[in-house]
$ cat work13.cif   # mmCIF, C-alpha atoms and all ligand atoms
data_run
loop_
_atom_site.label_atom_id
_atom_site.label_comp_id
_atom_site.auth_asym_id
_atom_site.auth_seq_id
_atom_site.Cartn_x
_atom_site.Cartn_y
_atom_site.Cartn_z
CA MET A 1249 -13.70 10.82 -50.84
CA ALA A 1250 -12.07 7.69 -52.23
CA THR A 1251 -13.04 6.24 -55.61
CA LYS A 1252 -14.34 2.72 -54.89
CA TRP A 1253 -13.17 0.11 -57.38
CA GLY A 1254 -14.63 -3.29 -58.20
CA ILE A 1255 -12.30 -5.70 -60.00
CA CYS A 1256 -13.79 -8.03 -62.61
CA SER A 1257 -11.69 -11.23 -62.94
CA ALA A 1258 -8.90 -12.74 -60.91
CA GLY A 1259 -6.46 -12.86 -63.83
CA LYS A 1260 -2.99 -11.44 -64.49
CA ILE A 1261 -3.86 -7.91 -65.56
CA SER A 1262 -6.26 -7.54 -62.60
CA ASN A 1263 -3.30 -8.26 -60.31
CA ASP A 1264 -1.15 -5.66 -62.08
CA PHE A 1265 -3.91 -3.06 -61.98
CA LEU A 1266 -4.17 -3.54 -58.21
CA VAL A 1267 -0.40 -3.04 -57.84
CA ALA A 1268 -0.75 0.18 -59.86
CA LEU A 1269 -3.66 1.35 -57.68
CA GLU A 1270 -1.55 0.79 -54.56
CA THR A 1271 0.99 3.35 -55.82
CA LEU A 1272 -1.75 6.02 -55.58
CA PRO A 1273 -2.89 7.64 -52.30
CA ALA A 1274 -5.10 5.23 -50.31
CA GLN A 1275 -7.48 8.08 -49.48
CA ASP A 1276 -8.15 8.49 -53.24
CA HIS A 1277 -8.47 4.87 -54.41
CA GLN A 1278 -10.04 1.96 -52.55
CA VAL A 1279 -10.63 -1.58 -53.82
CA VAL A 1280 -13.96 -2.80 -52.49
CA ALA A 1281 -14.53 -6.16 -54.20
CA VAL A 1282 -13.30 -8.68 -56.74
CA ALA A 1283 -15.37 -11.10 -58.81
CA ALA A 1284 -14.33 -14.24 -60.65
CA ARG A 1285 -16.34 -16.92 -62.42
CA ASP A 1286 -15.37 -19.26 -59.61
CA LEU A 1287 -15.96 -18.13 -56.02
CA LYS A 1288 -12.87 -19.93 -54.70
CA GLN A 1289 -10.66 -18.14 -57.23
CA ALA A 1290 -12.18 -14.83 -56.18
CA ARG A 1291 -11.73 -15.60 -52.47
CA ASP A 1292 -8.09 -16.68 -52.91
CA PHE A 1293 -7.34 -13.57 -54.98
CA ALA A 1294 -9.07 -11.32 -52.42
CA GLN A 1295 -7.34 -12.91 -49.43
CA ILE A 1296 -3.81 -12.47 -50.82
CA ARG A 1297 -4.50 -8.86 -51.82
CA LYS A 1298 -6.61 -7.91 -48.78
CA ILE A 1299 -9.74 -7.06 -50.79
CA PRO A 1300 -12.78 -6.94 -48.45
CA LYS A 1301 -15.38 -8.70 -50.67
CA ALA A 1302 -15.20 -11.60 -53.13
CA TYR A 1303 -17.97 -12.66 -55.53
CA GLY A 1304 -18.40 -15.84 -57.57
CA SER A 1305 -20.07 -14.10 -60.52
CA TYR A 1306 -19.66 -10.87 -62.43
CA GLU A 1307 -23.40 -10.16 -61.98
CA ALA A 1308 -22.90 -10.13 -58.19
CA LEU A 1309 -20.25 -7.43 -58.64
CA ALA A 1310 -22.62 -5.47 -60.89
CA ASN A 1311 -25.24 -5.60 -58.12
CA ASP A 1312 -22.91 -4.23 -55.41
CA PRO A 1313 -24.18 -0.69 -54.71
CA ASP A 1314 -20.93 0.30 -52.97
CA ILE A 1315 -18.86 0.45 -56.18
CA ASP A 1316 -18.11 3.59 -58.23
CA VAL A 1317 -16.33 1.97 -61.14
CA ILE A 1318 -15.41 -1.48 -62.38
CA TYR A 1319 -12.05 -2.44 -63.83
CA VAL A 1320 -12.68 -5.05 -66.53
CA GLY A 1321 -9.78 -7.51 -66.48
CA VAL A 1322 -11.38 -10.32 -68.49
CA LEU A 1323 -10.07 -11.56 -71.84
CA HIS A 1324 -10.99 -9.19 -74.68
CA THR A 1325 -12.93 -11.96 -76.47
CA VAL A 1326 -15.62 -11.52 -73.77
CA HIS A 1327 -15.32 -7.73 -73.26
CA ARG A 1328 -18.52 -7.11 -75.25
CA ASP A 1329 -20.76 -9.36 -73.16
CA VAL A 1330 -19.24 -8.45 -69.81
CA VAL A 1331 -19.15 -4.66 -70.37
CA LEU A 1332 -22.72 -4.63 -71.74
CA MET A 1333 -23.86 -6.43 -68.59
CA PHE A 1334 -22.19 -3.80 -66.36
CA LEU A 1335 -23.72 -0.99 -68.43
CA GLU A 1336 -27.17 -2.54 -68.03
CA HIS A 1337 -26.54 -2.32 -64.27
CA LYS A 1338 -25.55 1.36 -64.74
CA LYS A 1339 -22.00 0.81 -63.58
CA ASN A 1340 -19.07 2.95 -64.71
CA VAL A 1341 -16.45 0.89 -66.49
CA LEU A 1342 -12.75 1.09 -67.30
CA CYS A 1343 -12.05 -1.38 -70.10
CA GLU A 1344 -8.72 -1.61 -71.83
CA LYS A 1345 -7.44 -2.56 -75.20
CA PRO A 1346 -8.55 -4.13 -77.35
CA LEU A 1347 -11.95 -2.82 -76.36
CA ALA A 1348 -13.75 -5.55 -78.33
CA MET A 1349 -13.26 -7.93 -81.23
CA ASN A 1350 -14.30 -5.56 -84.03
CA SER A 1351 -15.93 -2.20 -84.78
CA ASP A 1352 -19.46 -3.70 -84.63
CA GLU A 1353 -18.92 -4.80 -81.04
CA VAL A 1354 -17.27 -1.48 -80.13
CA ARG A 1355 -20.27 0.44 -81.50
CA GLU A 1356 -22.62 -1.75 -79.45
CA LEU A 1357 -20.63 -0.73 -76.37
CA THR A 1358 -20.36 2.96 -77.20
CA SER A 1359 -24.08 3.27 -77.94
CA ALA A 1360 -24.95 1.52 -74.68
CA ALA A 1361 -22.47 3.82 -72.92
CA ARG A 1362 -24.18 6.89 -74.31
CA LYS A 1363 -27.60 5.70 -73.11
CA VAL A 1364 -26.58 5.15 -69.50
CA LEU A 1365 -24.44 7.17 -67.14
CA VAL A 1366 -20.67 7.64 -66.98
CA ILE A 1367 -18.36 5.23 -68.72
CA LEU A 1368 -14.75 5.42 -69.65
CA LEU A 1369 -13.61 3.22 -72.46
CA TYR A 1370 -9.97 3.01 -73.37
CA GLN A 1371 -8.35 1.44 -76.38
CA ASP A 1372 -5.06 1.71 -78.16
CA ILE A 1373 -3.45 -0.19 -80.98
CA PRO A 1374 -2.49 -3.47 -79.25
CA SER A 1375 1.05 -3.52 -80.55
CA CYS A 1376 2.58 -3.82 -77.10
CA MET A 1377 1.20 -5.13 -73.83
CA TRP A 1378 2.68 -2.57 -71.49
CA CYS A 1379 2.45 1.08 -70.60
CA PRO A 1380 4.62 3.51 -72.55
CA THR A 1381 6.77 5.86 -70.45
CA SER A 1382 7.17 8.53 -73.13
CA ILE A 1383 4.89 9.75 -75.92
CA ILE A 1384 6.01 12.06 -78.74
CA VAL A 1385 3.26 14.07 -80.49
CA ASN A 1386 4.19 16.60 -83.18
CA GLY A 1387 7.82 16.47 -82.03
CA LYS A 1388 6.91 17.23 -78.41
CA GLU A 1389 7.78 14.52 -75.87
CA THR A 1390 5.71 13.96 -72.71
CA LYS A 1391 7.19 11.63 -70.11
CA PHE A 1392 5.18 9.34 -67.86
CA PRO A 1393 7.55 8.22 -65.10
CA LEU A 1394 6.70 4.86 -63.57
CA PRO A 1395 5.67 4.75 -59.91
CA HIS A 1396 7.81 2.34 -57.93
CA SER A 1397 6.49 -0.94 -56.53
CA THR A 1398 8.21 -4.04 -55.17
CA LYS A 1399 5.07 -6.19 -55.65
CA PRO A 1400 5.19 -8.96 -58.29
CA MET A 1401 3.64 -8.01 -61.65
CA HIS A 1402 2.97 -10.02 -64.81
CA PHE A 1403 3.64 -7.32 -67.41
CA THR A 1404 6.39 -4.76 -67.96
CA ASN A 1405 5.68 -1.22 -66.70
CA SER A 1406 2.27 -2.12 -65.20
CA THR A 1407 2.52 0.55 -62.50
CA GLY A 1408 1.93 2.94 -65.41
CA LEU A 1409 -1.73 1.79 -65.22
CA SER A 1410 -1.96 4.23 -62.30
CA TYR A 1411 -2.26 7.06 -64.86
CA GLU A 1412 -5.51 5.65 -66.28
CA ALA A 1413 -6.85 4.90 -62.77
CA GLU A 1414 -6.26 8.48 -61.63
CA HIS A 1415 -7.77 9.79 -64.88
CA VAL A 1416 -10.92 7.76 -64.19
CA ARG A 1417 -11.10 9.28 -60.71
CA GLN A 1418 -10.79 12.80 -62.11
CA CYS A 1419 -13.53 12.10 -64.69
CA LEU A 1420 -15.84 10.75 -62.00
CA LEU A 1421 -15.17 13.70 -59.69
CA LYS A 1422 -16.14 16.06 -62.53
CA GLY A 1423 -19.25 14.00 -63.32
CA LEU A 1424 -18.09 13.41 -66.91
CA LYS A 1425 -19.89 10.90 -69.14
CA GLU A 1426 -16.72 10.06 -71.03
CA SER A 1427 -13.04 10.87 -71.03
CA PRO A 1428 -12.05 14.13 -72.75
CA ILE A 1429 -8.70 12.59 -73.77
CA MET A 1430 -9.99 9.16 -74.87
CA SER A 1431 -13.49 9.74 -76.19
CA LEU A 1432 -15.99 7.10 -77.28
CA LYS A 1433 -15.61 8.47 -80.84
CA ASP A 1434 -11.84 7.85 -80.63
CA SER A 1435 -12.50 4.25 -79.52
CA GLU A 1436 -14.80 3.79 -82.54
CA LEU A 1437 -12.19 5.29 -84.87
CA LEU A 1438 -9.46 2.98 -83.52
CA SER A 1439 -11.67 -0.07 -83.97
CA ASN A 1440 -12.34 0.96 -87.62
CA ILE A 1441 -8.57 1.24 -88.17
CA MET A 1442 -8.02 -2.20 -86.58
CA ASP A 1443 -10.72 -3.73 -88.82
CA GLU A 1444 -9.03 -2.20 -91.86
CA VAL A 1445 -5.61 -3.51 -90.81
CA ARG A 1446 -7.01 -7.00 -90.22
CA GLY A 1447 -8.86 -6.87 -93.54
CA GLN A 1448 -5.64 -6.03 -95.39
CA LEU A 1449 -3.77 -8.80 -93.56
CA GLY A 1450 -6.59 -11.32 -94.08
CA VAL A 1451 -7.18 -11.93 -90.37
CA LYS A 1452 -10.81 -12.83 -89.59
CA PHE A 1453 -12.60 -13.47 -86.30
CA HIS A 1454 -15.83 -15.45 -86.03
CA GLN A 1455 -17.38 -12.29 -84.53
CA ASP A 1456 -16.89 -10.59 -87.96
CA LYS A 1457 -19.95 -12.28 -89.58
CA LYS A 1458 -21.82 -9.01 -90.17
CA LEU A 1459 -18.71 -7.07 -91.22
CA ASN A 1460 -17.16 -7.00 -94.67
CA ILE A 1461 -13.60 -7.77 -93.55
N1 LIG A 1501 -3.02 -2.72 -70.36
C1 LIG A 1501 -2.21 -3.69 -70.69
O1 LIG A 1501 -1.03 -3.47 -70.96
C2 LIG A 1501 -2.73 -5.09 -70.72
C3 LIG A 1501 -1.83 -6.12 -70.57
C4 LIG A 1501 -2.33 -7.41 -70.56
C5 LIG A 1501 -3.68 -7.65 -70.72
N2 LIG A 1501 -4.55 -6.61 -70.90
C6 LIG A 1501 -6.01 -6.86 -71.07
O2 LIG A 1501 -6.40 -7.80 -70.10
C7 LIG A 1501 -7.08 -8.91 -70.71
C8 LIG A 1501 -6.80 -10.15 -69.86
O3 LIG A 1501 -5.43 -10.49 -69.95
P1 LIG A 1501 -4.69 -11.37 -68.82
O4 LIG A 1501 -3.28 -11.48 -69.27
O5 LIG A 1501 -5.01 -10.83 -67.49
O6 LIG A 1501 -5.40 -12.78 -69.03
P2 LIG A 1501 -5.70 -13.95 -67.94
O7 LIG A 1501 -4.72 -13.91 -66.82
O8 LIG A 1501 -5.85 -15.16 -68.74
O9 LIG A 1501 -7.07 -13.50 -67.28
C9 LIG A 1501 -8.18 -13.33 -68.02
C10 LIG A 1501 -9.42 -13.47 -67.17
O10 LIG A 1501 -10.50 -13.49 -68.10
C11 LIG A 1501 -11.58 -14.09 -67.43
N3 LIG A 1501 -12.48 -14.77 -68.36
C12 LIG A 1501 -13.80 -14.48 -68.47
N4 LIG A 1501 -14.38 -15.26 -69.38
C13 LIG A 1501 -13.41 -16.08 -69.86
C14 LIG A 1501 -13.40 -17.13 -70.80
N5 LIG A 1501 -14.51 -17.49 -71.47
N6 LIG A 1501 -12.23 -17.77 -71.04
C15 LIG A 1501 -11.09 -17.41 -70.39
N7 LIG A 1501 -11.05 -16.40 -69.46
C16 LIG A 1501 -12.21 -15.76 -69.21
C17 LIG A 1501 -11.00 -15.03 -66.37
O11 LIG A 1501 -11.57 -14.48 -65.21
P3 LIG A 1501 -11.98 -15.28 -63.90
O12 LIG A 1501 -10.88 -14.92 -62.96
O13 LIG A 1501 -13.30 -14.74 -63.57
O14 LIG A 1501 -12.02 -16.74 -64.24
C18 LIG A 1501 -9.50 -14.79 -66.40
O15 LIG A 1501 -8.96 -14.64 -65.11
C19 LIG A 1501 -6.55 -8.93 -72.14
O16 LIG A 1501 -7.43 -9.53 -73.04
C20 LIG A 1501 -6.38 -7.44 -72.42
O17 LIG A 1501 -7.64 -6.94 -72.80
C21 LIG A 1501 -4.09 -5.33 -70.87
#
$ encode --input "work13.cif" --output "structure tokens" --more "lines below"
Ligand SMILES: NC(=O)c1ccc[n+]([C@@H]2O[C@H](COP(=O)([O-])OP(=O)(O)OC[C@H]3O[C@@H](n4cnc5c(N)ncnc54)[C@H](OP(=O)(O)O)[C@@H]3O)[C@@H](O)[C@H]2O)c1
Amino acid sequence: MATKWGICSAGKISNDFLVALETLPAQDHQVVAVAARDLKQARDFAQIRKIPKAYGSYEALANDPDIDVIYVGVLHTVHRDVVLMFLEHKKNVLCEKPLAMNSDEVRELTSAARKVLVILLYQDIPSCMWCPTSIIVNGKETKFPLPHSTKPMHFTNSTGLSYEAEHVRQCLLKGLKESPIMSLKDSELLSNIMDEVRGQLGVKFHQDKKLNI
């Protein structure tokens, strides 16, 4: 059975994620709906990409019972609010880097994720805005060849997003509550490291009020 995706936002990375999804077998991944803050934006985005349903609010997407998992393509400044809303509606979520603005926000998300059903949160150090094609760990290199697509994309190597999409599918098929290779604890640890880096550089966000950065 296909994994049914809902796409939250009609922005650039949402487009690239759809291109990546199209490189995977259609019987495994289906896009059911897209939501944008403005219904016309959602409809235009859906029409060009042949997505069956378009919503003019993220809440409407959260209320669609025909969706297995939501790809969160909104700006990271609003990840906290948007992801919490989906979790309240018991929706599975794939949310990319940076997961939130600081470790306080990330812990709000991970504790909400633990209270409700499956969620997959993903975060890496936001040093580059594209998918790596090779990772070396302890001297051992693993290659991630890029699927081919002729569709226009906004970011380099975006078809590499197909790896995370397929991983989400495998987690859902196994009924997992979180990813075994990108755990909620790992997301918390990364956000602590990012807070520390920002603290040392003297970079503050207004969301840091409660943190000693
Ligand atoms: N994996 C990667 O390599 C990668 C690469 C680039 C970006 N990203 C992630 O994707 C996020 C979005 O990047 P993007 O380049 O796609 O940006 P973008 O084209 O500007 O799109 C961002 C979307 O955020 C939504 N949004 C919700 N609340 C908003 C607000 N208050 N102000 C502005 N936008 C708001 C808008 O959705 P509506 O359509 O509903 O208006 C907009 O379309 C980044 O923050 C990052 O987390 C990941």
$ residues_around --input "work13.cif" --residues "Glu1353 in chain A" --least-positions-apart "6" --cutoff "10 Å" --atoms "all atoms listed in the file" --output "count of residues only"
8
$ closest_residue --input "work13.cif" --among "A:Lys1339, A:Ala1348, A:Ala1361, A:Asn1386" --to "Leu1438 in chain A" --atoms "only C-alpha atoms"
A:Ala1348
$ residues_near_point --input "work13.cif" --point "(-1.6, 4.1, -60.5)" --cutoff "10 Å" --atoms "all atoms listed in the file" --output "PyMOL selection string"
chain A and resi 1264-1273+1277+1394-1396+1406-1415
$ write_last_selection --input "work13.cif" --atoms "C-alpha atoms" --output "compact mmCIF listing (two decimals), in the frame of the given file"
# COMPACT_ATOMS: atom_id res chain seq x y z
CA ASP A 1264 -1.15 -5.66 -62.08
CA PHE A 1265 -3.91 -3.06 -61.98
CA LEU A 1266 -4.17 -3.54 -58.21
CA VAL A 1267 -0.40 -3.04 -57.84
CA ALA A 1268 -0.75 0.18 -59.86
CA LEU A 1269 -3.66 1.35 -57.68
CA GLU A 1270 -1.55 0.79 -54.56
CA THR A 1271 0.99 3.35 -55.82
CA LEU A 1272 -1.75 6.02 -55.58
CA PRO A 1273 -2.89 7.64 -52.30
CA HIS A 1277 -8.47 4.87 -54.41
CA LEU A 1394 6.70 4.86 -63.57
CA PRO A 1395 5.67 4.75 -59.91
CA HIS A 1396 7.81 2.34 -57.93
CA SER A 1406 2.27 -2.12 -65.20
CA THR A 1407 2.52 0.55 -62.50
CA GLY A 1408 1.93 2.94 -65.41
CA LEU A 1409 -1.73 1.79 -65.22
CA SER A 1410 -1.96 4.23 -62.30
CA TYR A 1411 -2.26 7.06 -64.86
CA GLU A 1412 -5.51 5.65 -66.28
CA ALA A 1413 -6.85 4.90 -62.77
CA GLU A 1414 -6.26 8.48 -61.63
CA HIS A 1415 -7.77 9.79 -64.88
$ closest_residue --input "work13.cif" --among "A:Trp1253, A:Phe1392, A:Tyr1306, A:Phe1334" --to "ligand LIG 1501 (chain A)" --atoms "only C-alpha atoms and all ligand atoms"
A:Tyr1306
$ closest_residue --input "work13.cif" --among "A:Thr1390, A:Thr1404, A:Asn1350, A:Gln1418" --to "Val1445 in chain A" --atoms "only C-alpha atoms"
A:Asn1350
$ closest_atom_pairs --input "work13.cif" --of "chain A" --to "ligand LIG 1501 (chain A)" --cutoff "8 Å" --atoms "only C-alpha atoms and all ligand atoms" --output "CSV"
residue,atom,partner,partner_atom,distance
A:Cys1256,CA,A:LIG1501,O13,6.8
A:Ser1257,CA,A:LIG1501,O12,3.8
A:Ala1258,CA,A:LIG1501,O12,3.6
A:Gly1259,CA,A:LIG1501,O15,3.3
A:Lys1260,CA,A:LIG1501,O5,3.7
A:Ile1261,CA,A:LIG1501,O5,3.7
A:Ser1262,CA,A:LIG1501,O5,6.0
A:Asn1263,CA,A:LIG1501,O5,7.8
A:Ala1283,CA,A:LIG1501,O13,6.3
A:Ala1284,CA,A:LIG1501,O13,3.1
A:Arg1285,CA,A:LIG1501,O13,3.9
A:Asp1286,CA,A:LIG1501,O14,6.2
A:Gln1289,CA,A:LIG1501,O12,6.6
A:Ala1290,CA,A:LIG1501,O12,6.9
A:Gly1304,CA,A:LIG1501,O13,8.0
A:Ser1305,CA,A:LIG1501,O13,7.5
A:Tyr1306,CA,A:LIG1501,O13,7.5
A:Val1320,CA,A:LIG1501,O2,7.7
A:Gly1321,CA,A:LIG1501,O2,5.0
A:Val1322,CA,A:LIG1501,O10,3.3
A:Leu1323,CA,A:LIG1501,O16,3.5
A:His1324,CA,A:LIG1501,O16,3.9
A:Thr1325,CA,A:LIG1501,O16,6.9
A:Val1326,CA,A:LIG1501,N4,5.9
A:His1327,CA,A:LIG1501,O17,7.7
A:Cys1343,CA,A:LIG1501,O17,7.6
A:Glu1344,CA,A:LIG1501,O17,5.5
A:Lys1345,CA,A:LIG1501,O17,5.0
A:Pro1346,CA,A:LIG1501,O17,5.4
A:Leu1347,CA,A:LIG1501,O17,6.9
A:Cys1376,CA,A:LIG1501,O1,7.1
A:Met1377,CA,A:LIG1501,O1,4.0
A:Trp1378,CA,A:LIG1501,O1,3.9
A:Cys1379,CA,A:LIG1501,O1,5.7
A:His1402,CA,A:LIG1501,O4,7.8
A:Phe1403,CA,A:LIG1501,C3,6.4
A:Ser1406,CA,A:LIG1501,O1,6.8
A:Leu1409,CA,A:LIG1501,N1,7.0
$ closest_residue --input "work13.cif" --among "A:Ile1383, A:Val1317, A:Ile1429, A:Leu1421" --to "Val1341 in chain A" --atoms "all atoms listed in the file"
A:Val1317
$ axis_aligned_box --input "work13.cif" --around "range 1426-1436 of chain A" --padding-each-side "4 Å" --output "AutoDock Vina command-line options"
--center_x -12.7 --center_y 9.0 --center_z -76.8 --size_x 16.0 --size_y 18.3 --size_z 19.5
$ closest_residue --input "work13.cif" --among "A:Val1282, A:Leu1420, A:Met1333, A:Leu1449" --to "Glu1307 in chain A" --atoms "only C-alpha atoms"
A:Met1333
$ atom_distance --input "work13.cif" --atom1 "CA of Arg1362 in chain A" --atom2 "CA of Asn1440 in chain A"
18.8 Å
$ atom_distance --input "work13.cif" --atom1 "CA of Asp1312 in chain A" --atom2 "CA of Pro1400 in chain A"
28.6 Å
$ atom_distance --input "work13.cif" --atom1 "CA of Lys1338 in chain A" --atom2 "CA of Lys1288 in chain A"
26.7 Å
$ closest_residue --input "work13.cif" --among "A:Gly1450, A:His1337, A:Ala1302, A:Thr1381" --to "Asn1405 in chain A" --atoms "all atoms listed in the file"
A:Thr1381
$ build_atoms --input "work13.cif" --residues "range 1392-1421 of chain A" --atoms "N, CA and C atoms" --output "PDB file, in the frame of the given file"
ATOM      1  N   PHE A1392       6.069   9.913 -68.874  1.00  0.00           N
ATOM      2  CA  PHE A1392       5.180   9.340 -67.860  1.00  0.00           C
ATOM      3  C   PHE A1392       6.014   8.446 -66.949  1.00  0.00           C
ATOM      4  N   PRO A1393       6.685   9.030 -65.953  1.00  0.00           N
ATOM      5  CA  PRO A1393       7.550   8.220 -65.100  1.00  0.00           C
ATOM      6  C   PRO A1393       6.760   7.136 -64.370  1.00  0.00           C
ATOM      7  N   LEU A1394       7.396   5.981 -64.207  1.00  0.00           N
ATOM      8  CA  LEU A1394       6.700   4.860 -63.570  1.00  0.00           C
ATOM      9  C   LEU A1394       6.767   4.960 -62.056  1.00  0.00           C
ATOM     10  N   PRO A1395       5.616   4.856 -61.374  1.00  0.00           N
ATOM     11  CA  PRO A1395       5.670   4.750 -59.910  1.00  0.00           C
ATOM     12  C   PRO A1395       6.389   3.457 -59.525  1.00  0.00           C
ATOM     13  N   HIS A1396       7.041   3.503 -58.367  1.00  0.00           N
ATOM     14  CA  HIS A1396       7.810   2.340 -57.930  1.00  0.00           C
ATOM     15  C   HIS A1396       6.932   1.369 -57.146  1.00  0.00           C
ATOM     16  N   SER A1397       7.130   0.078 -57.374  1.00  0.00           N
ATOM     17  CA  SER A1397       6.490  -0.940 -56.530  1.00  0.00           C
ATOM     18  C   SER A1397       7.412  -2.159 -56.469  1.00  0.00           C
ATOM     19  N   THR A1398       7.402  -2.816 -55.310  1.00  0.00           N
ATOM     20  CA  THR A1398       8.210  -4.040 -55.170  1.00  0.00           C
ATOM     21  C   THR A1398       7.318  -5.282 -55.353  1.00  0.00           C
ATOM     22  N   LYS A1399       6.009  -5.048 -55.537  1.00  0.00           N
ATOM     23  CA  LYS A1399       5.070  -6.190 -55.650  1.00  0.00           C
ATOM     24  C   LYS A1399       5.264  -6.905 -56.991  1.00  0.00           C
ATOM     25  N   PRO A1400       5.040  -8.236 -57.020  1.00  0.00           N
ATOM     26  CA  PRO A1400       5.190  -8.960 -58.290  1.00  0.00           C
ATOM     27  C   PRO A1400       4.116  -8.556 -59.318  1.00  0.00           C
ATOM     28  N   MET A1401       4.563  -8.374 -60.559  1.00  0.00           N
ATOM     29  CA  MET A1401       3.640  -8.010 -61.650  1.00  0.00           C
ATOM     30  C   MET A1401       3.885  -8.945 -62.829  1.00  0.00           C
ATOM     31  N   HIS A1402       2.863  -9.113 -63.664  1.00  0.00           N
ATOM     32  CA  HIS A1402       2.970 -10.020 -64.810  1.00  0.00           C
ATOM     33  C   HIS A1402       3.508  -9.329 -66.058  1.00  0.00           C
ATOM     34  N   PHE A1403       3.273  -8.018 -66.177  1.00  0.00           N
ATOM     35  CA  PHE A1403       3.640  -7.320 -67.410  1.00  0.00           C
ATOM     36  C   PHE A1403       4.592  -6.157 -67.108  1.00  0.00           C
ATOM     37  N   THR A1404       5.424  -5.858 -68.104  1.00  0.00           N
ATOM     38  CA  THR A1404       6.390  -4.760 -67.960  1.00  0.00           C
ATOM     39  C   THR A1404       5.665  -3.429 -67.774  1.00  0.00           C
ATOM     40  N   ASN A1405       6.177  -2.598 -66.879  1.00  0.00           N
ATOM     41  CA  ASN A1405       5.680  -1.220 -66.700  1.00  0.00           C
ATOM     42  C   ASN A1405       4.240  -1.113 -66.190  1.00  0.00           C
ATOM     43  N   SER A1406       3.698  -2.173 -65.576  1.00  0.00           N
ATOM     44  CA  SER A1406       2.270  -2.120 -65.200  1.00  0.00           C
ATOM     45  C   SER A1406       1.929  -1.023 -64.197  1.00  0.00           C
ATOM     46  N   THR A1407       2.903  -0.536 -63.432  1.00  0.00           N
ATOM     47  CA  THR A1407       2.520   0.550 -62.500  1.00  0.00           C
ATOM     48  C   THR A1407       2.093   1.797 -63.271  1.00  0.00           C
ATOM     49  N   GLY A1408       2.413   1.838 -64.563  1.00  0.00           N
ATOM     50  CA  GLY A1408       1.930   2.940 -65.410  1.00  0.00           C
ATOM     51  C   GLY A1408       0.407   2.941 -65.548  1.00  0.00           C
ATOM     52  N   LEU A1409      -0.258   1.822 -65.200  1.00  0.00           N
ATOM     53  CA  LEU A1409      -1.730   1.790 -65.220  1.00  0.00           C
ATOM     54  C   LEU A1409      -2.316   2.779 -64.214  1.00  0.00           C
ATOM     55  N   SER A1410      -1.472   3.251 -63.285  1.00  0.00           N
ATOM     56  CA  SER A1410      -1.960   4.230 -62.300  1.00  0.00           C
ATOM     57  C   SER A1410      -2.413   5.518 -62.986  1.00  0.00           C
ATOM     58  N   TYR A1411      -1.834   5.839 -64.158  1.00  0.00           N
ATOM     59  CA  TYR A1411      -2.260   7.060 -64.860  1.00  0.00           C
ATOM     60  C   TYR A1411      -3.718   6.958 -65.288  1.00  0.00           C
ATOM     61  N   GLU A1412      -4.108   5.784 -65.830  1.00  0.00           N
ATOM     62  CA  GLU A1412      -5.510   5.650 -66.280  1.00  0.00           C
ATOM     63  C   GLU A1412      -6.451   5.616 -65.066  1.00  0.00           C
ATOM     64  N   ALA A1413      -5.995   4.975 -63.963  1.00  0.00           N
ATOM     65  CA  ALA A1413      -6.850   4.900 -62.770  1.00  0.00           C
ATOM     66  C   ALA A1413      -7.119   6.309 -62.223  1.00  0.00           C
ATOM     67  N   GLU A1414      -6.077   7.122 -62.145  1.00  0.00           N
ATOM     68  CA  GLU A1414      -6.260   8.480 -61.630  1.00  0.00           C
ATOM     69  C   GLU A1414      -7.106   9.311 -62.594  1.00  0.00           C
ATOM     70  N   HIS A1415      -6.954   9.067 -63.892  1.00  0.00           N
ATOM     71  CA  HIS A1415      -7.770   9.790 -64.880  1.00  0.00           C
ATOM     72  C   HIS A1415      -9.253   9.440 -64.688  1.00  0.00           C
ATOM     73  N   VAL A1416      -9.534   8.169 -64.447  1.00  0.00           N
ATOM     74  CA  VAL A1416     -10.920   7.760 -64.190  1.00  0.00           C
ATOM     75  C   VAL A1416     -11.466   8.509 -62.978  1.00  0.00           C
ATOM     76  N   ARG A1417     -10.655   8.570 -61.917  1.00  0.00           N
ATOM     77  CA  ARG A1417     -11.100   9.280 -60.710  1.00  0.00           C
ATOM     78  C   ARG A1417     -11.445  10.743 -61.037  1.00  0.00           C
ATOM     79  N   GLN A1418     -10.560  11.391 -61.791  1.00  0.00           N
ATOM     80  CA  GLN A1418     -10.790  12.800 -62.110  1.00  0.00           C
ATOM     81  C   GLN A1418     -12.068  12.968 -62.949  1.00  0.00           C
ATOM     82  N   CYS A1419     -12.302  12.045 -63.882  1.00  0.00           N
ATOM     83  CA  CYS A1419     -13.530  12.100 -64.690  1.00  0.00           C
ATOM     84  C   CYS A1419     -14.765  11.945 -63.800  1.00  0.00           C
ATOM     85  N   LEU A1420     -14.698  10.989 -62.877  1.00  0.00           N
ATOM     86  CA  LEU A1420     -15.840  10.750 -62.000  1.00  0.00           C
ATOM     87  C   LEU A1420     -16.097  11.951 -61.092  1.00  0.00           C
ATOM     88  N   LEU A1421     -15.013  12.543 -60.578  1.00  0.00           N
ATOM     89  CA  LEU A1421     -15.170  13.700 -59.690  1.00  0.00           C
ATOM     90  C   LEU A1421     -15.837  14.867 -60.422  1.00  0.00           C
TER      91      LEU A1421
END
